[in-house]
Each structure stands twice: as structure tokens, then as C-alpha cells.
Amino acid sequence: MNNEKPRTLAEKLWENHLVRQAEGEPDLLYIDLHLVHEVTSPQAFEGLRVEGRTVRRPDLTLATEDHNIPTIDVDQPIADPVSRAQVQALRDNCAEFGIRLHSLGDIEQGIVHVVGPQLGLTQPGMTVVCGDSHTSTHGAFGALAFGIGTSEVEHVLASQTLPQARPKTMAVTVQGLLPEGVTSKDLVLALIAQEGTGGGQGYVVEYRGEAIEALSMEARMTICNMSIEWGAKAGLIAPDDTTFSYLEGRDHAPRGEQWDAAVAAWRDLVTDEGATFDKEVVVDASSLSPFVTWGTNPGQGVALSGAVPPPDSYPDGPARAGAERALEYMGLTAGTQMRDIAVDTVFLGSCTNGRIEDLRAAAQVIDGRHVAPTVQMLVVPGSTRVRLQAEQEGLDQVFVAAGAQWRGAGCSMCLGMNPDQLGPAERSASTSNRNFEGRQGKGGRTHLVSPVVAAATAVTGHLSAPADLPAVTTGA
Amino acid sequence: MQAFTHHTGTALPLRRANVDTDQIIPAVYLKRITRTGFEDGLFAAWRNDPDFVLNGPEHEGVSILVAGPDFGTGSSREHAVWALKDYGFKAVISPRFADIFRGNAGKQGLLAAQVDDDVVERLWQIVEADSSTAVTVDLEEQRVRAGDLDTSFTIDAYTRWRLLNGLDDIAITLTHDAEISSYEGNRAPYKPVTR
């Protein structure tokens, strides 16, 4: 073993899943876990039927309903007939092909990228795919996880493998520690602003360094989730004791001797001393502050303490033209202080920031305060389990007392394909992952923020950090 | 999948970078459960603007899209490829494609041809000067031709081979069943199952 060439974590994961390697062909990778949802799967199942194929490993496949479902009145039939038909298609397909499905109303239902880790199905050393670009979330466990298209969903259903060209490797080393009040969401937004939306193109990125090691599993998932927003094939974090203690005892985590064997194998899932990456990026965590977006792609971001940048601060060409267009779409003027931007809606949720720690952090900010009268705030747990946990801790009471809406689990306002949408020219502070034109509803304007900035913004009505809030006066 | 060797048609100059898949087809159009009929959703929000380039009568019948860098970023939705195909596009030319979009295009026989930024600028100028200019994307020769422009484009060799031969990925993979079974026999026993 000792004379082997040092390898990166990404290389180890890749090589551990090689089914076939041949000159002139992409590598054929085995897939350990295939997650399925209603929007990107119907045409894949239809393809199987047309060709008379079966699902090779239904026991490595899990489906949930998340994208197009409502988050209120979830015990009623879905009102939109087209959404209802799509959900029904998933139910029929899962029944026909023997796939475990967590439907609306089921205790394990939720956003696919919240459900997998929560059940303990996402484990170090695995390959995880899903017809959803935010599959990169699962990389936080030291798994190689990436989003695929519907043709590839069909491919995995039929063969449990995927032909893939080998990506390059990149290290993002985050030195120092995040200051108090600065979250992993701020870190990843700052990173994307620095590297651009195409900066990760073609790479599997390993996030490492002191600041990453100090993060909880849920905070790590937020970073890996946003890997796709700068174009990366996947994001990875080497598993460590934080990972193992998160996993131990979960429904699908190994037990007894199997647990010991698994942990022993997982400890080898690190980048070897002396291994080289194709590219290295360094970020100084200690200099970061709360970070938000001003534009229409996740790379158009700035510190909350800053101002909307002038387009001529971008290089001439597509970047500057894009900035001009973004300003117009967002209805903003260069030079406006970010803190002066008023919002109509605050959305707390999504596969980026809809986990229990996110809800706890936001609740702590909003406890004893009130949502501004000009603002509606939606709190949407990432899964039904997260919702129940929050209710057990009384977080729902904190949000409701503050005037926020407490919803059922789903993708909700992260994407405009269910009833939770922004109206034209409505402006949101959102803990989700994309500020694209129309992403949260036609004509809607999105500012991406962390959960604590979302909560503070809900209170003041304009983009704010918790430090901006006056102290809560407790009754005498 | 139908084989793709070369295609000649008129081109749409889309002078935008970072065209994400939410712009190519907004989420609200993703609810169909069939593989066709997505043309109405193509650039749906932008098409509301009468000045949007695709609304120009001179661009009726276009089949080649010429766009700025980072085309197809964001969501993995293959519906973006279906919408382009259903509308009649056979090829997209850009200096840089998002990985998932490029993969999806390759599976569906939509040619994603990568060229340098200055080639895209030249193509925009040529088509803006005369929208009826015949543009050819030749996959066999791996070249783009329009007016006096004749230049190469980049595509990975395997996708090119599959497109030229119209081959279905799944059928190819299923010929390796013995290797898949052999791999499966050696998986670690602690790996989880979903039941």
C-alpha cells in the first residue's frame, strides 16, 4: 500500500466505483444510491416501459415527492391538475417498478436531499445521483454525488451505472475560522462571487481546511449543495468524527461489527499527503462577513455591508452586459447600500438551508421579535421529520408568534413550480440557492441570504444581519 | 436516437451569457409527463418581450442557437434540451456549456458545439448582418461554416462517435452486464439498501 501514488479523495471515490474502464470510452461507474422525485423521472420510467426494461436495483433507489407539491393543505388532493398528474405518475411508476416512495403526508417525506442524509442512506464513500443538480449536497459526507438529466436517470434505473468522463480535481482550502455571525452560506456565496458561476466547471471540488473541519454536518451540506452554482461537477468534504457521529444510529447506518468495519474503511477516505489537485483555491474565512446577492446569478454577490456594484466594475463583455441586465431586472441602482433594499417576502427553507439547525438559528434571531408589517415570511422545513423536530423544540411557536407562516415540507418557493411563488416585481430574501430571473415566480426578484440574515431581514423589512437588530426587551 | 452527421440551417444570435436552464424553460413548464410538447416553454419569460431576438420574424425557422458563455447552467432539467429540440433547434454553439446540460444534449441528439469567444462574436455579426445566412455544423469534419467563416469546434470524442452513429447509451451499457454483476458481487456488505 505504501508505495502507491498518493491520491485525492475524489480519485479514491472514482476508482472505487469503476465497473469498466476502456480506451476511448468514458468510465462506467457503479451507483450506490439513486434518489428520485416527481419532476425529472416520468420520462425515464416511460423510456424503460417502451424498451421493456426493468429497474436493476430498486433496493438502491428511493423516491420522494418534493418539487411541485403544495406546503399547505397537504392532506387535500393537489389542486393543480397538472402537478397532481405528475405526482400520480411517480406513485404509479414506483408501484409498478417496486421502488420505495415517501409520498405527501408520509412521515419520511421531504426534499430528496434532506431525506437521504436524515435516513442515514447517504454515507461516506458512496456514489449518489439524482435527477436534480443539488445532489451535490450529499458530498458533505465524503460521497461522490452529482445531479443528472432524465436520460441518465433512465440509465441508472436500467443498469445501476453511469458512463462518465473523468473530471479534474480542485481543492478549496478555507483557512482560519468563520467569525461569529458568519455562516457556511455566507462562505459559499463569497466563494462563488470570487470564482464566478463557471469557476468550478469540470472539477470535483474538495472543501478543506480549518473552517470546514469546524463546521457541523448540516453547515457542510449547505456548502456542498451550492457547488453546482459555480459549475462544479460535485463538492466533497472528507468524512471525520463529525460525520461519523452524525450518522451513528440513523435508520440505515451500519450497526455493530458492520459499523466498525465501515468506520475503519471511511477513515481512509481522505486526500493522501502529497496528492496533487489540478487546481487550488484559497479562501480566508476570518475576513468574511454576512454575504448576499444583488443580481440574477449566484456569483453576483456582495457583502451585506456593501453596495450594489456599478456594472463597469465588471470586465467589458458578457459579464458587464449581464450585470447591466441584472440591475434592470432586479430594479436596482448601482451604489445603493444593500441594507437599504426593502423586501416583500422572506423564504426560509430549501435543500440549501431547510434543516433543523437552520430553523434553530433563524428562530433564535426572531424569538421575541416580530416580522415587519410589510413582509410575509414563509418557514418551510426541508422534511416532515425536520418539521416534527422543530415542533418538539417549540420553534414553530416562535415563528408563528413572530407572524411567520409555518408550512409543510417541500421545495416550496425555491423554484416556481408549486403554489408558493413570488409575484411580478416582488422582492425576496431567500435562503435557497438560485436568484435566476423568474426562479421564484415570474418577474420575482431574489436575494440569496443565510438563515440568520433572512430572520433579521424579516424583522426590519430590509436586508439586515442579526447584529443590526435592537435588543429584545423582556417584560419586567 | 437519430444519427447526426451535419446540419445546415439559419442561426439565432442570442447575445447573452449565463443562460441558465430556468431561462431556457421556466419550472412552471416542467409538469408534462411526456417527452414532447415543450416548445411553448422555450425561453417563455423572455418571449413575452416583443423585442426578444427569437420573436423577430427574420428568425422564423431557426435551427442553430449561438449563445454566450456558460450556456445551460443551473438546474439539471433535461426539459431544457427537449424544449430546444421541440422548437426545432438541432445545435447550440457557445464558448462554454454547463456539464449537465452538455451531457443531456448528447443523450438527445442536440449538438453542443464549443467554440472560442471570438468565433461566437463573428457568428453573431454574420447572422445579425444577414439572418438568412446558411450556417453549417458538420460533426464529421467537426467544423462550423457561415459566410467566409470556416472554423473547428470542440466536442468530446465519445459523444461525437455516439451522435454520428445514433447510439443509445443504455443499450451499450447493458452489453457490459457481466462486469456490472461482477462489481456488484464485491460491494462492501455495510453499504445501505433502501428497504
# chains A, B, ... in the order shown; residues from 1 in each chain; ligands from 1

call {"tool": "closest_atom_pairs", "arguments": {"of": "chain A", "to": "chain B", "cutoff": "6 Å", "atoms": "only C-alpha atoms", "output": "Markdown table"}}
result
| residue | atom | partner | partner_atom | distance |
| --- | --- | --- | --- | --- |
| A:Val19 | CA | B:Tyr183 | CA | 5.9 |
| A:Pro42 | CA | B:Ile33 | CA | 5.4 |
| A:Gln43 | CA | B:Thr34 | CA | 6.0 |
| A:Asp59 | CA | B:Thr194 | CA | 5.2 |
| A:Leu60 | CA | B:Val193 | CA | 5.3 |
| A:Asp132 | CA | B:Ser76 | CA | 5.4 |
| A:Ser133 | CA | B:Ser76 | CA | 5.0 |
| A:Gly149 | CA | B:Glu78 | CA | 5.2 |
| A:Thr150 | CA | B:Glu78 | CA | 5.8 |
| A:His155 | CA | B:Ile170 | CA | 5.5 |
| A:Pro254 | CA | B:Tyr190 | CA | 5.7 |
| A:Gln258 | CA | B:Tyr190 | CA | 5.6 |
| A:Pro318 | CA | B:Ala17 | CA | 5.6 |
| A:Gly416 | CA | B:Ala27 | CA | 5.9 |
| A:Met417 | CA | B:Val28 | CA | 4.6 |

call {"tool": "write_last_selection", "arguments": {"atoms": "N, CA and C atoms", "output": "compact mmCIF listing (two decimals), in the first residue's frame"}}
result
# COMPACT_ATOMS: atom_id res chain seq x y z
N VAL A 19 -16.62 0.18 -12.76
CA VAL A 19 -17.13 -1.11 -13.23
C VAL A 19 -16.34 -1.52 -14.47
N PRO A 42 -40.63 11.02 -14.77
CA PRO A 42 -41.69 10.32 -15.54
C PRO A 42 -41.22 9.84 -16.91
N GLN A 43 -40.44 10.67 -17.61
CA GLN A 43 -40.00 10.29 -18.94
C GLN A 43 -38.98 9.16 -18.89
N ASP A 59 -33.69 -1.75 -4.75
CA ASP A 59 -33.25 -1.68 -3.35
C ASP A 59 -32.14 -0.65 -3.14
N LEU A 60 -31.67 -0.02 -4.22
CA LEU A 60 -30.70 1.08 -4.09
C LEU A 60 -31.34 2.38 -4.57
N ASP A 132 -31.43 15.91 -10.20
CA ASP A 132 -31.55 17.22 -9.57
C ASP A 132 -30.14 17.73 -9.32
N SER A 133 -29.87 18.96 -9.74
CA SER A 133 -28.50 19.45 -9.69
C SER A 133 -27.98 19.62 -8.26
N GLY A 149 -29.35 14.27 -15.73
CA GLY A 149 -30.55 14.53 -16.52
C GLY A 149 -31.44 13.30 -16.57
N THR A 150 -32.60 13.47 -17.19
CA THR A 150 -33.58 12.39 -17.20
C THR A 150 -33.11 11.16 -17.98
N HIS A 155 -30.93 5.63 -17.40
CA HIS A 155 -29.73 4.79 -17.49
C HIS A 155 -29.43 4.12 -16.15
N PRO A 254 -24.88 1.54 9.22
CA PRO A 254 -24.48 0.18 9.63
C PRO A 254 -24.51 0.07 11.16
N GLN A 258 -20.58 -4.27 11.59
CA GLN A 258 -20.62 -3.59 10.29
C GLN A 258 -20.26 -2.12 10.45
N PRO A 318 -19.49 40.02 -21.88
CA PRO A 318 -20.69 39.37 -21.36
C PRO A 318 -20.92 39.64 -19.87
N GLY A 416 -40.28 28.14 -8.82
CA GLY A 416 -41.67 28.50 -9.08
C GLY A 416 -42.43 27.43 -9.83
N MET A 417 -42.64 26.27 -9.19
CA MET A 417 -43.47 25.28 -9.87
C MET A 417 -44.51 24.68 -8.94

call {"tool": "select_by_dssp", "arguments": {"residues": "region 36-92 of chain B", "states": "strand (DSSP E or B)", "output": "PyMOL selection string"}}
result
chain B and resi 64-67+71+73+91-92

call {"tool": "write_last_selection", "arguments": {"atoms": "N, CA and C atoms", "output": "PDB file, in the first residue's frame"}}
result
ATOM      1  N   ILE B  64     -30.247  26.706 -35.346  1.00  0.00           N
ATOM      2  CA  ILE B  64     -28.946  26.702 -34.661  1.00  0.00           C
ATOM      3  C   ILE B  64     -28.919  27.895 -33.711  1.00  0.00           C
ATOM      4  N   LEU B  65     -28.621  27.636 -32.458  1.00  0.00           N
ATOM      5  CA  LEU B  65     -28.586  28.702 -31.454  1.00  0.00           C
ATOM      6  C   LEU B  65     -27.131  29.069 -31.181  1.00  0.00           C
ATOM      7  N   VAL B  66     -26.834  30.377 -31.262  1.00  0.00           N
ATOM      8  CA  VAL B  66     -25.479  30.838 -30.972  1.00  0.00           C
ATOM      9  C   VAL B  66     -25.559  31.728 -29.730  1.00  0.00           C
ATOM     10  N   ALA B  67     -24.960  31.263 -28.618  1.00  0.00           N
ATOM     11  CA  ALA B  67     -25.128  31.953 -27.336  1.00  0.00           C
ATOM     12  C   ALA B  67     -23.781  32.251 -26.696  1.00  0.00           C
ATOM     13  N   PHE B  71     -23.572  28.501 -21.090  1.00  0.00           N
ATOM     14  CA  PHE B  71     -24.923  28.172 -21.525  1.00  0.00           C
ATOM     15  C   PHE B  71     -25.401  26.918 -20.802  1.00  0.00           C
ATOM     16  N   THR B  73     -26.461  26.594 -17.518  1.00  0.00           N
ATOM     17  CA  THR B  73     -26.097  26.440 -16.101  1.00  0.00           C
ATOM     18  C   THR B  73     -27.359  26.195 -15.267  1.00  0.00           C
ATOM     19  N   ALA B  91     -28.757  22.328 -33.034  1.00  0.00           N
ATOM     20  CA  ALA B  91     -27.413  22.544 -32.489  1.00  0.00           C
ATOM     21  C   ALA B  91     -27.373  23.829 -31.680  1.00  0.00           C
ATOM     22  N   VAL B  92     -26.513  23.847 -30.654  1.00  0.00           N
ATOM     23  CA  VAL B  92     -26.231  25.061 -29.889  1.00  0.00           C
ATOM     24  C   VAL B  92     -24.730  25.286 -29.956  1.00  0.00           C
TER      25      VAL B  92
END

call {"tool": "residues_around", "arguments": {"residues": "Thr136 (chain B)", "least_positions_apart": "2", "cutoff": "7 Å", "atoms": "only C-alpha atoms", "output": "ChimeraX atom specification"}}
result
/B:7-9,134,138,144-146

call {"tool": "atom_distance", "arguments": {"atom1": "CA of Ala232 (chain A)", "atom2": "CA of Arg445 (chain A)"}}
result
25.0 Å

call {"tool": "residues_around", "arguments": {"residues": "Val55 (chain A)", "least_positions_apart": "2", "cutoff": "8 Å", "atoms": "only C-alpha atoms", "output": "list of chain:residue names"}}
result
A:Arg53, A:Arg57, A:Pro58, A:Phe97, A:Leu157, A:Ala158, A:Ser159

call {"tool": "write_last_selection", "arguments": {"atoms": "C-alpha atoms", "output": "short mmCIF file (atom, residue, chain, number, x, y, z; two decimals), in the first residue's frame"}}
result
data_model
loop_
_atom_site.label_atom_id
_atom_site.label_comp_id
_atom_site.auth_asym_id
_atom_site.auth_seq_id
_atom_site.Cartn_x
_atom_site.Cartn_y
_atom_site.Cartn_z
CA ARG A 53 -36.54 -2.80 -19.35
CA ARG A 57 -31.71 -2.32 -8.20
CA PRO A 58 -34.94 -0.97 -6.70
CA PHE A 97 -41.22 -0.96 -10.54
CA LEU A 157 -32.66 2.75 -13.31
CA ALA A 158 -31.85 0.23 -16.05
CA SER A 159 -28.22 -0.54 -15.19
#

call {"tool": "select_by_dssp", "arguments": {"residues": "chain B", "states": "alpha helix (DSSP H)", "output": "ChimeraX atom specification"}}
result
/B:21-24,44-47,79-87,99-108,117-129,157-165,169-174,177-185

call {"tool": "atom_distance", "arguments": {"atom1": "CA of Arg339 (chain A)", "atom2": "CA of Ser184 (chain A)"}}
result
20.4 Å

call {"tool": "closest_residue", "arguments": {"among": "B:Leu84, B:Leu139, B:Ala3, B:Ala129", "to": "Arg160 (chain B)", "atoms": "only C-alpha atoms"}}
result
B:Leu139

call {"tool": "atom_distance", "arguments": {"atom1": "CA of Ile212 (chain A)", "atom2": "CA of Ser430 (chain A)"}}
result
23.3 Å

call {"tool": "closest_residue", "arguments": {"among": "A:Val283, A:Cys94, A:Ala471, A:Leu177", "to": "Glu195 (chain A)", "atoms": "only C-alpha atoms"}}
result
A:Val283

call {"tool": "closest_residue", "arguments": {"among": "A:Met221, A:Val343, A:Leu189, A:Ala404", "to": "Ile366 (chain A)", "atoms": "only C-alpha atoms"}}
result
A:Ala404

call {"tool": "closest_residue", "arguments": {"among": "B:Glu140, B:Asp40, B:Asp86, B:Asp49", "to": "Leu163 (chain B)", "atoms": "only C-alpha atoms"}}
result
B:Glu140

call {"tool": "residues_around", "arguments": {"residues": "region 4-16 of chain A", "least_positions_apart": "3", "cutoff": "9 Å", "atoms": "only C-alpha atoms", "output": "PyMOL selection string"}}
result
chain A and resi 1+19+29-30+125-127+142-144+166+169+204-206+236-238+268-277

call {"tool": "write_last_selection", "arguments": {"atoms": "C-alpha atoms", "output": "mmCIF file, in the first residue's frame"}}
result
data_model
loop_
_atom_site.group_PDB
_atom_site.id
_atom_site.type_symbol
_atom_site.label_atom_id
_atom_site.label_comp_id
_atom_site.auth_asym_id
_atom_site.auth_seq_id
_atom_site.Cartn_x
_atom_site.Cartn_y
_atom_site.Cartn_z
ATOM 1 C CA MET A 1 0.000 0.000 0.000
ATOM 2 C CA VAL A 19 -17.129 -1.107 -13.233
ATOM 3 C CA LEU A 29 -19.282 3.979 -12.613
ATOM 4 C CA TYR A 30 -21.411 1.982 -10.204
ATOM 5 C CA GLY A 125 -17.522 6.508 0.139
ATOM 6 C CA MET A 126 -20.737 6.166 -1.840
ATOM 7 C CA THR A 127 -21.792 7.372 -5.257
ATOM 8 C CA GLY A 142 -17.390 12.264 1.558
ATOM 9 C CA ALA A 143 -19.646 10.729 -1.095
ATOM 10 C CA LEU A 144 -19.294 11.410 -4.811
ATOM 11 C CA ARG A 166 -13.291 11.645 -15.550
ATOM 12 C CA THR A 169 -9.878 17.825 -9.177
ATOM 13 C CA VAL A 204 -14.830 17.788 -8.445
ATOM 14 C CA VAL A 205 -14.122 20.246 -5.646
ATOM 15 C CA GLU A 206 -12.865 19.187 -2.222
ATOM 16 C CA LEU A 236 -16.739 16.919 -1.351
ATOM 17 C CA ILE A 237 -15.714 17.085 2.282
ATOM 18 C CA ALA A 238 -13.590 14.324 3.788
ATOM 19 C CA ASP A 268 -9.152 6.077 4.641
ATOM 20 C CA LEU A 269 -11.372 8.469 2.649
ATOM 21 C CA VAL A 270 -9.056 11.454 2.814
ATOM 22 C CA THR A 271 -6.739 13.068 0.322
ATOM 23 C CA ASP A 272 -3.324 11.467 0.818
ATOM 24 C CA GLU A 273 -0.364 13.534 1.903
ATOM 25 C CA GLY A 274 1.442 14.603 -1.268
ATOM 26 C CA ALA A 275 -1.520 14.124 -3.621
ATOM 27 C CA THR A 276 -1.890 16.888 -6.176
ATOM 28 C CA PHE A 277 -5.007 18.699 -7.362
#

call {"tool": "residues_around", "arguments": {"residues": "Thr473 (chain A)", "least_positions_apart": "6", "cutoff": "12 Å", "atoms": "only C-alpha atoms", "output": "list in words"}}
result
Asp367, Gly368 and Arg369 of chain A
